[in-house]
Amino acid sequence: MKFSVVVEVQLRAGVADPQGATIERSLPHLGFDGVSEVRVGKCIRFVVDAADEATAAREVDDMCARFLTNPVIEDAVVRVEALVG
Amino acid sequence: MSVRVGVVLFPGSNCEQDVIEAVSALGAEASLLWHGDDSVGDVDAVVVPGGFAHGDYLRPGAIARFSPVMSAVAKFAGDGGPVVGICNGFQVLTEAGLLPGALQKNQGLKFLCTTVEVRVESTDSALTCAATAGAVLRVPINHFEGNYTCSPDTLAELRADDRIVLRYVTNPNGALDDIAGICNEGRNVVGLMPHPERACNDLLGSSDGLALVTSLLVAAGAVNQTG
């Protein structure tokens with residue numbers, strides 16, 4: 001079975017995010033007031049072939065721990081969805 | 001017999017010749033170690049040089065750590081061999097788990113290409129054993145992701161064990177505790193963001209890096225004699 005996977009990599013809470021801070025400082029210059037807590041991450045999409053959703057999720061968690069994130073500064077939110085058809 | 005230094009070459013490395021020039025000028029024998037080889041051969045020290053290994057894809061060092069040569073480098077380090085990671089090489093060593101912590105984007109989001117002053121904080125490491133404690137060295141930096149960070153526990157450990165070997169006199173990139181370079185528990189693996197190999201000749205603006213490169217060769221010589 002094929003599953004569509006989205007891995008959202010973000011800096012851990014408490015880790016300084018210079019990109020987010022720069023964007024947050026820039027927005028008021030364009031007239032966008034009231035924006036806070038800007039955090040910049042990255043999004044990795046792929047398709048994985050696995051027996052079932054739980055197996056796919058386990059495999060993706062392992063990928064995150066060993067490769068897709070640097071656990072010292074990053075963590076990930078993972079979405080796994082069965083591909084229809 | 002002269003000391004043999006292996007310089008790792010990844011696709012995207014760009015400081016390997018600078019390292020070869022610097023160690024050769026001091027009488028060492030330098031050779032390149034291709035990232036796809038699974039051995040470091042018969043060397044007394046390994047340098048992981050600066051650059052953009054594997055294009056810095058995903059994160060600096062994230063792909064490089066899986067190059068076959070890195071298993072051999074880890075084994076060499078595990079056996080006590082001196083290993084130094086400079087700039088991108090430091091990032092590779094942290095990703096490979098040979099050094100703790102991580103290098104983040106610089107505070108201020110600027111690529112920094114300048115000369116900084118670093119202070120030798122500990123002379124008990126493979127890269128500082130022939131330097132003078134407290135000496136201030138003028139060494140170039142050249143990085144976008146040199147902002148060292150680690151967990152509070154790791155920082156406490158680094159401080160308690162005197163493993164912060166180099167600190168910036170004026171912090172250029174936001175690095176935690178002004179850290180410019182650290183070593184592992186065995187003190188034979190050292191990572192630093194500044195480029196001592198580019199400060200080994202007065203013609204280049206500074207020869208202060210000689211104290212560090214010489215230290216590496218002294219550490220390598222010690223291995224050569226005992227091993």
# chains A, B, ... in the order shown; residues from 1 in each chain; ligands from 1

call {"tool": "residues_around", "arguments": {"residues": "segment 93-102 of chain B", "least_positions_apart": "6", "cutoff": "8 Å", "atoms": "only C-alpha atoms", "output": "list in words"}}
result
Asn70, Val72 and Ile73 of chain A; Gly61, Ala62, Arg65, Met70, Ala74, Gly85, Tyr148, Thr149, Cys150, Ser151, Thr154, Ile182, Cys183, Asn184, Val189, Val190 and Gly191 of chain B

call {"tool": "write_last_selection", "arguments": {"atoms": "C-alpha atoms", "output": "PDB file, in the first residue's frame"}}
result
ATOM      1  CA  ASN A  70      18.835  16.936  13.692  1.00  0.00           C
ATOM      2  CA  VAL A  72      19.679  18.502  18.835  1.00  0.00           C
ATOM      3  CA  ILE A  73      17.791  21.465  17.377  1.00  0.00           C
TER       4      ILE A  73
ATOM      5  CA  GLY B  61      26.840  17.586   7.124  1.00  0.00           C
ATOM      6  CA  ALA B  62      23.579  15.619   7.083  1.00  0.00           C
ATOM      7  CA  ARG B  65      27.972  11.713   7.610  1.00  0.00           C
ATOM      8  CA  MET B  70      33.010   8.600   7.782  1.00  0.00           C
ATOM      9  CA  ALA B  74      34.787   7.321  13.382  1.00  0.00           C
ATOM     10  CA  GLY B  85      36.821  19.281  11.539  1.00  0.00           C
ATOM     11  CA  TYR B 148      27.087  26.725  17.899  1.00  0.00           C
ATOM     12  CA  THR B 149      24.282  25.439  20.092  1.00  0.00           C
ATOM     13  CA  CYS B 150      23.718  22.495  22.418  1.00  0.00           C
ATOM     14  CA  SER B 151      21.511  21.447  25.321  1.00  0.00           C
ATOM     15  CA  THR B 154      25.869  19.369  27.212  1.00  0.00           C
ATOM     16  CA  ILE B 182      35.210  22.185  21.152  1.00  0.00           C
ATOM     17  CA  CYS B 183      36.719  18.750  21.629  1.00  0.00           C
ATOM     18  CA  ASN B 184      35.313  15.313  22.452  1.00  0.00           C
ATOM     19  CA  VAL B 189      38.503  15.041  18.083  1.00  0.00           C
ATOM     20  CA  VAL B 190      38.230  18.805  17.676  1.00  0.00           C
ATOM     21  CA  GLY B 191      35.765  20.910  15.688  1.00  0.00           C
TER      22      GLY B 191
END

call {"tool": "select_by_dssp", "arguments": {"residues": "segment 7-84 of chain A", "states": "helix (DSSP H, G or I)", "output": "compact mmCIF listing (two decimals) with N, CA and C atoms, in the first residue's frame"}}
result
# COMPACT_ATOMS: atom_id res chain seq x y z
N PRO A 18 16.72 32.54 13.79
CA PRO A 18 17.08 33.84 13.20
C PRO A 18 16.22 34.18 11.99
N GLN A 19 15.83 33.17 11.19
CA GLN A 19 15.00 33.45 10.01
C GLN A 19 13.62 33.93 10.44
N GLY A 20 13.04 33.23 11.41
CA GLY A 20 11.71 33.61 11.90
C GLY A 20 11.74 35.01 12.49
N ALA A 21 12.80 35.30 13.26
CA ALA A 21 12.92 36.61 13.91
C ALA A 21 13.02 37.72 12.86
N THR A 22 13.76 37.45 11.77
CA THR A 22 13.93 38.45 10.72
C THR A 22 12.59 38.72 10.02
N ILE A 23 11.85 37.66 9.73
CA ILE A 23 10.55 37.82 9.08
C ILE A 23 9.61 38.61 10.00
N GLU A 24 9.66 38.25 11.29
CA GLU A 24 8.76 38.92 12.25
C GLU A 24 9.08 40.42 12.33
N ARG A 25 10.36 40.74 12.28
CA ARG A 25 10.73 42.17 12.32
C ARG A 25 10.36 42.90 11.04
N SER A 26 10.31 42.16 9.92
CA SER A 26 10.06 42.80 8.63
C SER A 26 8.58 43.07 8.39
N LEU A 27 7.72 42.22 8.92
CA LEU A 27 6.29 42.32 8.59
C LEU A 27 5.67 43.68 8.93
N PRO A 28 5.97 44.25 10.09
CA PRO A 28 5.37 45.56 10.39
C PRO A 28 5.74 46.64 9.37
N HIS A 29 6.94 46.53 8.74
CA HIS A 29 7.33 47.51 7.73
C HIS A 29 6.40 47.48 6.53
N LEU A 30 5.77 46.32 6.32
CA LEU A 30 4.84 46.20 5.18
C LEU A 30 3.40 46.46 5.62
N GLU A 53 -0.74 1.57 7.70
CA GLU A 53 -0.43 2.95 8.09
C GLU A 53 0.52 3.01 9.28
N ALA A 54 0.30 2.10 10.25
CA ALA A 54 1.15 2.10 11.45
C ALA A 54 2.60 1.81 11.07
N THR A 55 2.80 0.86 10.17
CA THR A 55 4.16 0.52 9.72
C THR A 55 4.78 1.70 9.02
N ALA A 56 4.01 2.35 8.15
CA ALA A 56 4.51 3.53 7.43
C ALA A 56 4.91 4.61 8.42
N ALA A 57 4.07 4.86 9.42
CA ALA A 57 4.34 5.91 10.40
C ALA A 57 5.61 5.60 11.19
N ARG A 58 5.77 4.32 11.56
CA ARG A 58 6.97 3.92 12.31
C ARG A 58 8.24 4.16 11.49
N GLU A 59 8.14 3.80 10.21
CA GLU A 59 9.30 3.96 9.34
C GLU A 59 9.66 5.44 9.19
N VAL A 60 8.64 6.28 9.04
CA VAL A 60 8.90 7.72 8.87
C VAL A 60 9.48 8.31 10.16
N ASP A 61 8.98 7.86 11.31
CA ASP A 61 9.54 8.33 12.59
C ASP A 61 11.03 7.99 12.69
N ASP A 62 11.36 6.79 12.23
CA ASP A 62 12.76 6.35 12.26
C ASP A 62 13.60 7.23 11.32
N MET A 63 13.05 7.52 10.13
CA MET A 63 13.76 8.40 9.18
C MET A 63 14.03 9.76 9.81
N CYS A 64 13.02 10.26 10.54
CA CYS A 64 13.16 11.58 11.17
C CYS A 64 14.26 11.55 12.21
N ALA A 65 14.27 10.51 13.03
CA ALA A 65 15.23 10.43 14.12
C ALA A 65 16.65 10.30 13.59
N ARG A 66 16.81 9.55 12.48
CA ARG A 66 18.17 9.24 12.03
C ARG A 66 18.68 10.13 10.91
N PHE A 67 17.75 10.85 10.24
CA PHE A 67 18.24 11.55 9.05
C PHE A 67 17.53 12.88 8.76
N LEU A 68 16.21 12.85 8.77
CA LEU A 68 15.48 14.04 8.27
C LEU A 68 15.55 15.22 9.24

call {"tool": "residues_around", "arguments": {"residues": "Ser215 of chain B", "least_positions_apart": "5", "cutoff": "12 Å", "atoms": "only C-alpha atoms", "output": "list in words"}}
result
Val23, Leu26, Ala45, Pro82, Val83, Val84, Thr123, Asp124, Ser125, Ala126, Leu127, Thr128, Cys129, Ala130, Ala131, Thr132, Asn188, Val190, Pro196, Gly209, Leu210, Ala220, Gly221 and Ala222 of chain B

call {"tool": "residues_around", "arguments": {"residues": "Ser31 of chain B", "least_positions_apart": "6", "cutoff": "9 Å", "atoms": "only C-alpha atoms", "output": "list in words"}}
result
Arg4, Val5, Gly6, Val7, Val8, Ile20 and Val43 of chain B

call {"tool": "atom_distance", "arguments": {"atom1": "atom CA of Gly81 of chain B", "atom2": "atom CA of Ala180 of chain B"}}
result
21.7 Å

call {"tool": "residues_around", "arguments": {"residues": "segment 175-178 of chain B", "least_positions_apart": "3", "cutoff": "10 Å", "atoms": "only C-alpha atoms", "output": "VMD selection string"}}
result
chain B and resid 103 to 107 118 145 to 150 155 159 164 166 to 172 181

call {"tool": "residues_around", "arguments": {"residues": "Glu81 of chain A", "least_positions_apart": "2", "cutoff": "7 Å", "atoms": "only C-alpha atoms", "output": "PDB file with C-alpha atoms, in the first residue's frame"}}
result
ATOM      1  CA  PHE A   3       1.044   6.335   1.684  1.00  0.00           C
ATOM      2  CA  SER A   4       1.536   9.999   1.090  1.00  0.00           C
ATOM      3  CA  VAL A   5       3.814  11.493   3.742  1.00  0.00           C
ATOM      4  CA  ARG A  79       1.318  13.268   8.498  1.00  0.00           C
ATOM      5  CA  LEU A  83      -3.052   7.172  -1.299  1.00  0.00           C
TER       6      LEU A  83
END

call {"tool": "residues_around", "arguments": {"residues": "Pro49 of chain B", "least_positions_apart": "6", "cutoff": "6 Å", "atoms": "only C-alpha atoms", "output": "list in words"}}
result
Cys15, Glu16, Ile86 and Gly89 of chain B

call {"tool": "atom_distance", "arguments": {"atom1": "atom CA of Trp34 of chain B", "atom2": "atom CA of Val92 of chain B"}}
result
15.0 Å

call {"tool": "closest_residue", "arguments": {"among": "B:Ala64, B:Ile141, B:Ala211, B:Leu204", "to": "chain A", "atoms": "only C-alpha atoms"}}
result
B:Ala64

call {"tool": "closest_residue", "arguments": {"among": "B:Ala199, B:Leu109, B:Val47, B:Ala28", "to": "chain A", "atoms": "only C-alpha atoms"}}
result
B:Leu109

call {"tool": "atom_distance", "arguments": {"atom1": "atom CA of Val77 of chain A", "atom2": "atom CA of Ala13 of chain A"}}
result
13.1 Å

call {"tool": "closest_residue", "arguments": {"among": "B:Gln17, B:Gly80, B:Ser71, B:Ala133", "to": "Glu185 of chain B", "atoms": "only C-alpha atoms"}}
result
B:Gly80

call {"tool": "decode", "arguments": {"residues": "segment 69-80 of chain B", "atoms": "N, CA and C atoms", "output": "compact mmCIF listing (two decimals), in the first residue's frame"}}
result
# COMPACT_ATOMS: atom_id res chain seq x y z
N VAL B 69 33.57 6.93 3.97
CA VAL B 69 34.80 7.26 4.69
C VAL B 69 34.52 7.66 6.14
N MET B 70 33.30 8.13 6.43
CA MET B 70 33.01 8.60 7.78
C MET B 70 33.01 7.47 8.81
N SER B 71 32.65 6.26 8.40
CA SER B 71 32.73 5.12 9.33
C SER B 71 34.18 4.87 9.69
N ALA B 72 35.05 4.99 8.68
CA ALA B 72 36.49 4.79 8.92
C ALA B 72 37.04 5.92 9.80
N VAL B 73 36.55 7.14 9.59
CA VAL B 73 37.00 8.28 10.41
C VAL B 73 36.55 8.06 11.86
N ALA B 74 35.31 7.57 12.03
CA ALA B 74 34.79 7.32 13.38
C ALA B 74 35.63 6.26 14.09
N LYS B 75 36.01 5.23 13.35
CA LYS B 75 36.82 4.17 13.94
C LYS B 75 38.21 4.71 14.32
N PHE B 76 38.79 5.50 13.41
CA PHE B 76 40.11 6.12 13.65
C PHE B 76 40.05 6.98 14.91
N ALA B 77 38.96 7.76 15.04
CA ALA B 77 38.78 8.63 16.21
C ALA B 77 38.59 7.78 17.46
N GLY B 78 37.81 6.70 17.33
CA GLY B 78 37.55 5.81 18.46
C GLY B 78 38.83 5.17 18.98
N ASP B 79 39.78 4.96 18.07
CA ASP B 79 41.08 4.38 18.46
C ASP B 79 42.03 5.44 19.00
N GLY B 80 41.55 6.70 19.10
CA GLY B 80 42.38 7.76 19.68
C GLY B 80 43.11 8.62 18.67
